[in-house]
>>> print(open('structure.cif').read())   # mmCIF, N, CA and C atoms
data_my_file
loop_
_atom_site.label_atom_id
_atom_site.label_comp_id
_atom_site.auth_asym_id
_atom_site.auth_seq_id
_atom_site.Cartn_x
_atom_site.Cartn_y
_atom_site.Cartn_z
N MET Z 1 0.83 -1.19 0.00
CA MET Z 1 0.00 0.00 0.00
C MET Z 1 0.87 1.25 0.00
N SER Z 2 1.81 1.35 -0.87
CA SER Z 2 2.64 2.54 -0.90
C SER Z 2 2.14 3.50 -1.95
N SER Z 3 2.46 4.76 -1.76
CA SER Z 3 2.06 5.81 -2.68
C SER Z 3 3.28 6.64 -3.02
N THR Z 4 3.23 7.30 -4.13
CA THR Z 4 4.32 8.14 -4.56
C THR Z 4 4.61 9.21 -3.50
N ASN Z 5 5.88 9.38 -3.16
CA ASN Z 5 6.32 10.41 -2.22
C ASN Z 5 5.69 10.27 -0.84
N THR Z 6 5.39 9.10 -0.39
CA THR Z 6 4.82 8.92 0.95
C THR Z 6 5.51 7.76 1.63
N SER Z 7 5.28 7.67 2.92
CA SER Z 7 5.75 6.51 3.65
C SER Z 7 4.80 5.36 3.33
N PRO Z 8 5.22 4.11 3.53
CA PRO Z 8 4.35 2.98 3.22
C PRO Z 8 3.04 3.00 4.00
N GLU Z 9 3.00 3.67 5.15
CA GLU Z 9 1.79 3.70 5.97
C GLU Z 9 0.80 4.78 5.54
N GLU Z 10 1.23 5.76 4.74
CA GLU Z 10 0.35 6.88 4.41
C GLU Z 10 -0.66 6.48 3.34
N LEU Z 11 -1.89 6.83 3.59
CA LEU Z 11 -2.96 6.54 2.63
C LEU Z 11 -2.90 7.49 1.44
N TYR Z 12 -3.27 6.96 0.28
CA TYR Z 12 -3.44 7.78 -0.90
C TYR Z 12 -4.89 8.25 -0.88
N ALA Z 13 -5.11 9.54 -0.94
CA ALA Z 13 -6.45 10.11 -0.81
C ALA Z 13 -6.94 10.63 -2.15
N VAL Z 14 -8.16 10.29 -2.48
CA VAL Z 14 -8.86 10.84 -3.64
C VAL Z 14 -9.97 11.69 -3.06
N ALA Z 15 -9.85 13.00 -3.21
CA ALA Z 15 -10.75 13.93 -2.54
C ALA Z 15 -11.52 14.79 -3.53
N ASP Z 16 -12.67 15.24 -3.08
CA ASP Z 16 -13.45 16.24 -3.80
C ASP Z 16 -13.77 17.30 -2.76
N PHE Z 17 -13.39 18.54 -3.03
CA PHE Z 17 -13.69 19.57 -2.05
C PHE Z 17 -14.23 20.82 -2.71
N CYS Z 18 -15.05 21.50 -1.95
CA CYS Z 18 -15.68 22.73 -2.40
C CYS Z 18 -15.39 23.80 -1.35
N LEU Z 19 -14.53 24.73 -1.69
CA LEU Z 19 -14.18 25.84 -0.82
C LEU Z 19 -15.20 26.95 -1.05
N ILE Z 20 -15.82 27.42 0.03
CA ILE Z 20 -16.90 28.39 -0.08
C ILE Z 20 -16.52 29.67 0.67
N PRO Z 21 -16.05 30.69 -0.06
CA PRO Z 21 -15.75 31.97 0.59
C PRO Z 21 -17.05 32.64 1.03
N MET Z 22 -17.05 33.22 2.22
CA MET Z 22 -18.26 33.87 2.75
C MET Z 22 -17.91 35.24 3.31
N GLY Z 23 -18.92 36.11 3.36
CA GLY Z 23 -18.74 37.43 3.94
C GLY Z 23 -18.12 38.44 3.00
N LEU Z 24 -18.21 38.18 1.71
CA LEU Z 24 -17.66 39.10 0.72
C LEU Z 24 -18.69 40.14 0.33
N GLU Z 25 -18.23 41.25 -0.22
CA GLU Z 25 -19.13 42.31 -0.65
C GLU Z 25 -19.88 41.97 -1.93
N THR Z 26 -19.41 41.00 -2.67
CA THR Z 26 -20.01 40.61 -3.93
C THR Z 26 -20.32 39.11 -3.91
N PRO Z 27 -21.35 38.68 -4.62
CA PRO Z 27 -21.64 37.24 -4.64
C PRO Z 27 -20.63 36.44 -5.48
N SER Z 28 -19.85 37.09 -6.32
CA SER Z 28 -18.87 36.39 -7.15
C SER Z 28 -17.69 35.92 -6.31
N VAL Z 29 -17.33 34.65 -6.47
CA VAL Z 29 -16.18 34.11 -5.75
C VAL Z 29 -15.09 33.64 -6.72
N GLY Z 30 -15.21 34.03 -7.98
CA GLY Z 30 -14.23 33.62 -8.99
C GLY Z 30 -12.79 33.95 -8.63
N PRO Z 31 -12.49 35.16 -8.18
CA PRO Z 31 -11.09 35.47 -7.84
C PRO Z 31 -10.54 34.58 -6.71
N GLN Z 32 -11.37 34.27 -5.74
CA GLN Z 32 -10.93 33.43 -4.63
C GLN Z 32 -10.70 31.99 -5.09
N ILE Z 33 -11.57 31.48 -5.94
CA ILE Z 33 -11.39 30.11 -6.45
C ILE Z 33 -10.17 30.05 -7.35
N ALA Z 34 -9.94 31.09 -8.14
CA ALA Z 34 -8.74 31.14 -8.99
C ALA Z 34 -7.48 31.11 -8.12
N GLU Z 35 -7.50 31.81 -7.01
CA GLU Z 35 -6.34 31.81 -6.11
C GLU Z 35 -6.10 30.42 -5.54
N CYS Z 36 -7.17 29.74 -5.17
CA CYS Z 36 -7.03 28.37 -4.67
C CYS Z 36 -6.43 27.47 -5.75
N GLN Z 37 -6.84 27.64 -6.99
CA GLN Z 37 -6.29 26.83 -8.08
C GLN Z 37 -4.80 27.11 -8.27
N ARG Z 38 -4.38 28.35 -8.06
CA ARG Z 38 -2.94 28.67 -8.12
C ARG Z 38 -2.18 27.91 -7.03
N VAL Z 39 -2.77 27.87 -5.85
CA VAL Z 39 -2.16 27.13 -4.73
C VAL Z 39 -2.03 25.66 -5.09
N LEU Z 40 -3.09 25.09 -5.65
CA LEU Z 40 -3.06 23.67 -6.01
C LEU Z 40 -2.02 23.38 -7.08
N LYS Z 41 -1.87 24.28 -8.03
CA LYS Z 41 -0.85 24.10 -9.07
C LYS Z 41 0.54 24.01 -8.45
N LYS Z 42 0.81 24.87 -7.47
CA LYS Z 42 2.11 24.86 -6.79
C LYS Z 42 2.30 23.60 -5.94
N SER Z 43 1.20 22.96 -5.53
CA SER Z 43 1.30 21.79 -4.64
C SER Z 43 1.92 20.59 -5.33
N GLY Z 44 1.81 20.52 -6.65
CA GLY Z 44 2.32 19.37 -7.39
C GLY Z 44 1.38 18.17 -7.37
N LEU Z 45 0.23 18.30 -6.73
CA LEU Z 45 -0.74 17.22 -6.68
C LEU Z 45 -1.61 17.22 -7.94
N GLU Z 46 -2.23 16.08 -8.21
CA GLU Z 46 -3.20 16.02 -9.31
C GLU Z 46 -4.47 16.71 -8.85
N TYR Z 47 -5.02 17.58 -9.71
CA TYR Z 47 -6.26 18.26 -9.37
C TYR Z 47 -7.03 18.59 -10.64
N HIS Z 48 -8.34 18.77 -10.48
CA HIS Z 48 -9.19 19.11 -11.62
C HIS Z 48 -10.37 19.93 -11.11
N LEU Z 49 -10.45 21.17 -11.58
CA LEU Z 49 -11.55 22.04 -11.24
C LEU Z 49 -12.81 21.60 -11.98
N HIS Z 50 -13.94 21.59 -11.30
CA HIS Z 50 -15.22 21.35 -11.96
C HIS Z 50 -16.22 22.39 -11.46
N GLY Z 51 -17.44 22.34 -11.92
CA GLY Z 51 -18.41 23.40 -11.67
C GLY Z 51 -18.70 23.72 -10.22
N TYR Z 52 -18.61 22.75 -9.34
CA TYR Z 52 -18.92 22.98 -7.92
C TYR Z 52 -17.85 22.47 -7.00
N GLY Z 53 -16.60 22.54 -7.42
CA GLY Z 53 -15.51 22.12 -6.55
C GLY Z 53 -14.30 21.69 -7.33
N THR Z 54 -13.44 20.95 -6.65
CA THR Z 54 -12.19 20.50 -7.23
C THR Z 54 -11.91 19.07 -6.78
N ASN Z 55 -11.53 18.22 -7.72
CA ASN Z 55 -11.02 16.90 -7.39
C ASN Z 55 -9.53 17.07 -7.11
N LEU Z 56 -9.05 16.42 -6.07
CA LEU Z 56 -7.66 16.55 -5.65
C LEU Z 56 -7.21 15.19 -5.16
N GLU Z 57 -6.01 14.80 -5.52
CA GLU Z 57 -5.54 13.49 -5.06
C GLU Z 57 -4.05 13.48 -4.83
N GLY Z 58 -3.68 12.59 -3.90
CA GLY Z 58 -2.28 12.42 -3.55
C GLY Z 58 -2.17 11.85 -2.16
N PRO Z 59 -1.00 11.87 -1.59
CA PRO Z 59 -0.84 11.40 -0.23
C PRO Z 59 -1.73 12.20 0.73
N TRP Z 60 -2.34 11.50 1.68
CA TRP Z 60 -3.30 12.12 2.61
C TRP Z 60 -2.78 13.44 3.17
N SER Z 61 -1.58 13.44 3.72
CA SER Z 61 -1.06 14.64 4.38
C SER Z 61 -0.88 15.79 3.40
N LYS Z 62 -0.48 15.49 2.18
CA LYS Z 62 -0.28 16.55 1.18
C LYS Z 62 -1.62 17.11 0.70
N VAL Z 63 -2.64 16.26 0.60
CA VAL Z 63 -3.97 16.73 0.24
C VAL Z 63 -4.49 17.68 1.32
N MET Z 64 -4.34 17.29 2.58
CA MET Z 64 -4.80 18.14 3.68
C MET Z 64 -4.00 19.45 3.73
N ASP Z 65 -2.70 19.36 3.50
CA ASP Z 65 -1.87 20.57 3.48
C ASP Z 65 -2.30 21.52 2.37
N ALA Z 66 -2.65 20.97 1.21
CA ALA Z 66 -3.06 21.81 0.08
C ALA Z 66 -4.39 22.51 0.37
N ILE Z 67 -5.32 21.81 0.97
CA ILE Z 67 -6.61 22.43 1.31
C ILE Z 67 -6.38 23.53 2.35
N LYS Z 68 -5.53 23.27 3.32
CA LYS Z 68 -5.20 24.30 4.32
C LYS Z 68 -4.57 25.51 3.64
N ALA Z 69 -3.65 25.27 2.71
CA ALA Z 69 -2.99 26.37 2.00
C ALA Z 69 -4.00 27.19 1.19
N CYS Z 70 -5.02 26.53 0.64
CA CYS Z 70 -6.08 27.26 -0.06
C CYS Z 70 -6.80 28.19 0.92
N HIS Z 71 -7.14 27.67 2.10
CA HIS Z 71 -7.78 28.52 3.11
C HIS Z 71 -6.90 29.72 3.43
N GLU Z 72 -5.63 29.49 3.68
CA GLU Z 72 -4.73 30.57 4.04
C GLU Z 72 -4.65 31.62 2.94
N ALA Z 73 -4.54 31.18 1.69
CA ALA Z 73 -4.43 32.11 0.57
C ALA Z 73 -5.70 32.92 0.37
N VAL Z 74 -6.84 32.29 0.51
CA VAL Z 74 -8.12 32.99 0.31
C VAL Z 74 -8.38 33.94 1.48
N HIS Z 75 -8.03 33.57 2.70
CA HIS Z 75 -8.13 34.50 3.82
C HIS Z 75 -7.21 35.71 3.59
N ALA Z 76 -6.02 35.45 3.05
CA ALA Z 76 -5.07 36.54 2.79
C ALA Z 76 -5.61 37.55 1.78
N MET Z 77 -6.59 37.14 0.98
CA MET Z 77 -7.23 38.05 0.03
C MET Z 77 -8.27 38.94 0.71
N GLY Z 78 -8.50 38.73 2.00
CA GLY Z 78 -9.48 39.53 2.72
C GLY Z 78 -10.80 38.84 2.95
N THR Z 79 -10.88 37.56 2.65
CA THR Z 79 -12.11 36.80 2.87
C THR Z 79 -12.23 36.51 4.36
N PRO Z 80 -13.31 37.00 5.00
CA PRO Z 80 -13.41 36.82 6.45
C PRO Z 80 -13.76 35.41 6.91
N ARG Z 81 -14.53 34.68 6.10
CA ARG Z 81 -14.95 33.33 6.50
C ARG Z 81 -14.86 32.41 5.29
N ILE Z 82 -14.55 31.14 5.57
CA ILE Z 82 -14.52 30.11 4.54
C ILE Z 82 -15.11 28.84 5.13
N ALA Z 83 -16.01 28.23 4.38
CA ALA Z 83 -16.50 26.90 4.73
C ALA Z 83 -16.05 25.97 3.61
N THR Z 84 -15.65 24.78 3.96
CA THR Z 84 -15.22 23.82 2.95
C THR Z 84 -15.89 22.48 3.19
N ASP Z 85 -16.52 21.97 2.15
CA ASP Z 85 -17.07 20.61 2.16
C ASP Z 85 -16.03 19.70 1.53
N ILE Z 86 -15.75 18.57 2.18
CA ILE Z 86 -14.73 17.64 1.68
C ILE Z 86 -15.27 16.22 1.73
N ARG Z 87 -15.10 15.50 0.61
CA ARG Z 87 -15.34 14.06 0.59
C ARG Z 87 -14.01 13.42 0.22
N ILE Z 88 -13.62 12.40 0.95
CA ILE Z 88 -12.34 11.74 0.72
C ILE Z 88 -12.54 10.24 0.63
N GLY Z 89 -11.96 9.66 -0.39
CA GLY Z 89 -11.98 8.21 -0.51
C GLY Z 89 -10.57 7.66 -0.42
N THR Z 90 -10.44 6.52 0.23
CA THR Z 90 -9.17 5.80 0.30
C THR Z 90 -9.48 4.33 0.09
N ARG Z 91 -8.49 3.59 -0.28
CA ARG Z 91 -8.66 2.14 -0.36
C ARG Z 91 -7.32 1.46 -0.10
N VAL Z 92 -7.40 0.26 0.44
CA VAL Z 92 -6.19 -0.49 0.75
C VAL Z 92 -6.18 -1.86 0.07
N ASP Z 93 -7.21 -2.13 -0.75
CA ASP Z 93 -7.26 -3.43 -1.42
C ASP Z 93 -6.47 -3.45 -2.72
N LYS Z 94 -6.03 -2.29 -3.18
CA LYS Z 94 -5.13 -2.24 -4.32
C LYS Z 94 -4.32 -0.96 -4.25
N GLU Z 95 -3.15 -0.98 -4.86
CA GLU Z 95 -2.28 0.18 -4.80
C GLU Z 95 -2.73 1.25 -5.79
N ILE Z 96 -2.83 2.46 -5.31
CA ILE Z 96 -3.12 3.61 -6.15
C ILE Z 96 -2.08 4.66 -5.81
N SER Z 97 -1.33 5.08 -6.79
CA SER Z 97 -0.32 6.10 -6.53
C SER Z 97 -0.56 7.35 -7.38
N GLN Z 98 -1.49 7.26 -8.31
CA GLN Z 98 -1.90 8.43 -9.11
C GLN Z 98 -3.08 8.02 -9.98
N GLY Z 99 -3.77 9.01 -10.50
CA GLY Z 99 -4.86 8.74 -11.43
C GLY Z 99 -6.10 8.13 -10.81
N GLY Z 100 -6.30 8.29 -9.52
CA GLY Z 100 -7.46 7.70 -8.86
C GLY Z 100 -8.78 8.22 -9.41
N ASN Z 101 -8.90 9.55 -9.54
CA ASN Z 101 -10.13 10.12 -10.09
C ASN Z 101 -10.31 9.73 -11.55
N ALA Z 102 -9.25 9.82 -12.33
CA ALA Z 102 -9.34 9.48 -13.75
C ALA Z 102 -9.72 8.01 -13.93
N GLY Z 103 -9.20 7.15 -13.08
CA GLY Z 103 -9.54 5.74 -13.16
C GLY Z 103 -11.01 5.48 -12.88
N LYS Z 104 -11.57 6.21 -11.93
CA LYS Z 104 -12.99 6.06 -11.61
C LYS Z 104 -13.85 6.50 -12.80
N VAL Z 105 -13.51 7.62 -13.39
CA VAL Z 105 -14.28 8.13 -14.53
C VAL Z 105 -14.16 7.17 -15.71
N SER Z 106 -12.96 6.71 -15.97
CA SER Z 106 -12.74 5.79 -17.09
C SER Z 106 -13.54 4.51 -16.92
N ARG Z 107 -13.60 3.99 -15.73
CA ARG Z 107 -14.35 2.76 -15.45
C ARG Z 107 -15.83 2.94 -15.79
N VAL Z 108 -16.42 4.04 -15.38
CA VAL Z 108 -17.83 4.30 -15.68
C VAL Z 108 -18.04 4.53 -17.17
N GLU Z 109 -17.12 5.25 -17.81
CA GLU Z 109 -17.24 5.47 -19.25
C GLU Z 109 -17.18 4.15 -20.02
N ASP Z 110 -16.33 3.23 -19.57
CA ASP Z 110 -16.26 1.91 -20.21
C ASP Z 110 -17.59 1.16 -20.07
N ILE Z 111 -18.20 1.24 -18.93
CA ILE Z 111 -19.49 0.58 -18.72
C ILE Z 111 -20.54 1.20 -19.63
N LEU Z 112 -20.57 2.53 -19.71
CA LEU Z 112 -21.55 3.21 -20.55
C LEU Z 112 -21.32 2.94 -22.02
N ALA Z 113 -20.08 2.78 -22.45
CA ALA Z 113 -19.77 2.49 -23.85
C ALA Z 113 -20.41 1.18 -24.29
N LYS Z 114 -20.54 0.25 -23.38
CA LYS Z 114 -21.17 -1.03 -23.70
C LYS Z 114 -22.65 -0.86 -24.00
N ASP Z 115 -23.27 0.20 -23.49
CA ASP Z 115 -24.69 0.46 -23.75
C ASP Z 115 -24.95 0.73 -25.23
N SER Z 116 -23.98 1.30 -25.92
CA SER Z 116 -24.18 1.67 -27.32
C SER Z 116 -23.89 0.53 -28.29
N LYS Z 117 -23.49 -0.61 -27.77
CA LYS Z 117 -23.17 -1.74 -28.63
C LYS Z 117 -24.38 -2.63 -28.84
#
>>> encode(input="structure.cif", output="structure tokens")
Amino acid sequence: MSSTNTSPEELYAVADFCLIPMGLETPSVGPQIAECQRVLKKSGLEYHLHGYGTNLEGPWSKVMDAIKACHEAVHAMGTPRIATDIRIGTRVDKEISQGGNAGKVSRVEDILAKDSK
């Protein structure tokens, strides 16, 4: 159960999180989400922005550190409050060291492709 750049005991985390800036003067949160994406790019982890959040994956501790860094960066922009919803999946029945989210999507797409045959 080893993962890239982790100790053998560290879990590989496949996460989906939605950072929600609150207390802003405008309802638009685009600049804050863009800043979080900049933080994730610097993290070196796999990530993918989608309409209501971001998929993020890597060693558990690095995923948590990246989400914390997003909070810090968005607070530094003057955001008084942030709420974050996080879903995290791990597994120990097979080794995953990258591509966890992509593998899940590919598996479902393969199943759906059989529908058209």
>>> resolve_selection(input="structure.cif", expression="the PyMOL selection byres ((chain Z and resi 30-44) around 6)", output="PyMOL selection string")
chain Z and resi 28-29+45-46+70+74
>>> select_by_dssp(input="structure.cif", residues="chain Z", states="helix (DSSP H, G or I)", output="ChimeraX atom specification")
/Z:30-43,60-76,100-115
>>> closest_residue(input="structure.cif", among="Z:Ala66, Z:Leu56, Z:Ala102, Z:Ala73", to="Val14 of chain Z", atoms="only C-alpha atoms")
Z:Leu56
>>> closest_residue(input="structure.cif", among="Z:Leu24, Z:Ala76, Z:Cys18, Z:Ala13", to="Glu57 of chain Z", atoms="all atoms listed in the file")
Z:Ala13
>>> resolve_selection(input="structure.cif", expression="the PyMOL selection byres ((chain Z and resi 20) around 6.5)", output="ChimeraX atom specification")
/Z:18-19,21-22,81-85
>>> write_last_selection(input="structure.cif", atoms="N, CA and C atoms", output="CSV table (one decimal), keeping the file's coordinate frame")
chain,number,residue,atom,x,y,z
Z,18,CYS,N,-15.0,21.5,-2.0
Z,18,CYS,CA,-15.7,22.7,-2.4
Z,18,CYS,C,-15.4,23.8,-1.4
Z,19,LEU,N,-14.5,24.7,-1.7
Z,19,LEU,CA,-14.2,25.8,-0.8
Z,19,LEU,C,-15.2,27.0,-1.0
Z,21,PRO,N,-16.0,30.7,-0.1
Z,21,PRO,CA,-15.8,32.0,0.6
Z,21,PRO,C,-17.0,32.6,1.0
Z,22,MET,N,-17.0,33.2,2.2
Z,22,MET,CA,-18.3,33.9,2.8
Z,22,MET,C,-17.9,35.2,3.3
Z,81,ARG,N,-14.5,34.7,6.1
Z,81,ARG,CA,-15.0,33.3,6.5
Z,81,ARG,C,-14.9,32.4,5.3
Z,82,ILE,N,-14.6,31.1,5.6
Z,82,ILE,CA,-14.5,30.1,4.5
Z,82,ILE,C,-15.1,28.8,5.1
Z,83,ALA,N,-16.0,28.2,4.4
Z,83,ALA,CA,-16.5,26.9,4.7
Z,83,ALA,C,-16.0,26.0,3.6
Z,84,THR,N,-15.6,24.8,4.0
Z,84,THR,CA,-15.2,23.8,3.0
Z,84,THR,C,-15.9,22.5,3.2
Z,85,ASP,N,-16.5,22.0,2.2
Z,85,ASP,CA,-17.1,20.6,2.2
Z,85,ASP,C,-16.0,19.7,1.5
>>> atom_distance(input="structure.cif", atom1="atom C of Gly58 of chain Z", atom2="atom N of Gly100 of chain Z")
9.2 Å
>>> atom_distance(input="structure.cif", atom1="atom CA of Lys68 of chain Z", atom2="atom CA of His50 of chain Z")
19.3 Å
>>> select_by_dssp(input="structure.cif", residues="chain Z", states="strand (DSSP E or B)", output="number ranges by chain")
Z: 12-22, 46-50, 53-59, 81-89
>>> build_atoms(input="structure.cif", residues="segment 82-93 of chain Z", atoms="all heavy atoms", output="compact mmCIF listing (two decimals), in the coordinates of the input")
# COMPACT_ATOMS: atom_id res chain seq x y z
N ILE Z 82 -14.55 31.14 5.57
CA ILE Z 82 -14.52 30.11 4.54
C ILE Z 82 -15.11 28.84 5.13
O ILE Z 82 -14.76 28.45 6.23
CB ILE Z 82 -13.09 29.81 4.05
CG1 ILE Z 82 -12.42 31.05 3.49
CG2 ILE Z 82 -13.10 28.68 3.02
CD1 ILE Z 82 -10.93 30.89 3.25
N ALA Z 83 -16.01 28.23 4.38
CA ALA Z 83 -16.50 26.90 4.73
C ALA Z 83 -16.05 25.97 3.61
O ALA Z 83 -16.06 26.35 2.44
CB ALA Z 83 -18.02 26.89 4.84
N THR Z 84 -15.65 24.78 3.96
CA THR Z 84 -15.22 23.82 2.95
C THR Z 84 -15.89 22.48 3.19
O THR Z 84 -15.83 21.95 4.29
CB THR Z 84 -13.69 23.65 2.95
OG1 THR Z 84 -13.10 24.90 2.59
CG2 THR Z 84 -13.24 22.61 1.95
N ASP Z 85 -16.52 21.97 2.15
CA ASP Z 85 -17.07 20.61 2.16
C ASP Z 85 -16.03 19.70 1.53
O ASP Z 85 -15.50 20.02 0.46
CB ASP Z 85 -18.36 20.53 1.35
CG ASP Z 85 -19.49 21.33 1.97
OD1 ASP Z 85 -19.52 21.45 3.21
OD2 ASP Z 85 -20.34 21.83 1.22
N ILE Z 86 -15.75 18.57 2.18
CA ILE Z 86 -14.73 17.64 1.68
C ILE Z 86 -15.27 16.22 1.73
O ILE Z 86 -15.81 15.79 2.74
CB ILE Z 86 -13.45 17.69 2.54
CG1 ILE Z 86 -12.91 19.11 2.67
CG2 ILE Z 86 -12.38 16.76 1.94
CD1 ILE Z 86 -11.78 19.24 3.68
N ARG Z 87 -15.10 15.50 0.61
CA ARG Z 87 -15.34 14.06 0.59
C ARG Z 87 -14.01 13.42 0.22
O ARG Z 87 -13.35 13.85 -0.73
CB ARG Z 87 -16.38 13.69 -0.47
CG ARG Z 87 -17.78 14.09 -0.06
CD ARG Z 87 -18.77 13.70 -1.10
NE ARG Z 87 -18.48 14.47 -2.31
CZ ARG Z 87 -19.03 14.26 -3.47
NH1 ARG Z 87 -19.89 13.29 -3.63
NH2 ARG Z 87 -18.74 15.01 -4.50
N ILE Z 88 -13.62 12.40 0.95
CA ILE Z 88 -12.34 11.74 0.72
C ILE Z 88 -12.54 10.24 0.63
O ILE Z 88 -13.21 9.65 1.48
CB ILE Z 88 -11.33 12.04 1.84
CG1 ILE Z 88 -11.12 13.54 2.00
CG2 ILE Z 88 -10.00 11.34 1.57
CD1 ILE Z 88 -10.29 13.92 3.20
N GLY Z 89 -11.96 9.66 -0.39
CA GLY Z 89 -11.98 8.21 -0.51
C GLY Z 89 -10.57 7.66 -0.42
O GLY Z 89 -9.62 8.27 -0.91
N THR Z 90 -10.44 6.52 0.23
CA THR Z 90 -9.17 5.80 0.30
C THR Z 90 -9.48 4.33 0.09
O THR Z 90 -10.62 3.90 0.25
CB THR Z 90 -8.47 5.98 1.66
OG1 THR Z 90 -9.33 5.51 2.69
CG2 THR Z 90 -8.12 7.43 1.92
N ARG Z 91 -8.49 3.59 -0.28
CA ARG Z 91 -8.66 2.14 -0.36
C ARG Z 91 -7.32 1.46 -0.10
O ARG Z 91 -6.27 2.02 -0.39
CB ARG Z 91 -9.28 1.71 -1.68
CG ARG Z 91 -8.47 1.98 -2.92
CD ARG Z 91 -9.21 1.65 -4.20
NE ARG Z 91 -9.66 0.28 -4.24
CZ ARG Z 91 -10.46 -0.22 -5.17
NH1 ARG Z 91 -10.88 0.55 -6.16
NH2 ARG Z 91 -10.83 -1.47 -5.14
N VAL Z 92 -7.40 0.26 0.44
CA VAL Z 92 -6.19 -0.49 0.75
C VAL Z 92 -6.18 -1.86 0.07
O VAL Z 92 -5.25 -2.62 0.26
CB VAL Z 92 -5.99 -0.65 2.28
CG1 VAL Z 92 -5.79 0.71 2.93
CG2 VAL Z 92 -7.17 -1.37 2.90
N ASP Z 93 -7.21 -2.13 -0.75
CA ASP Z 93 -7.26 -3.43 -1.42
C ASP Z 93 -6.47 -3.45 -2.72
O ASP Z 93 -6.26 -4.51 -3.28
CB ASP Z 93 -8.71 -3.85 -1.69
CG ASP Z 93 -9.46 -2.85 -2.55
OD1 ASP Z 93 -9.19 -1.63 -2.45
OD2 ASP Z 93 -10.33 -3.27 -3.32
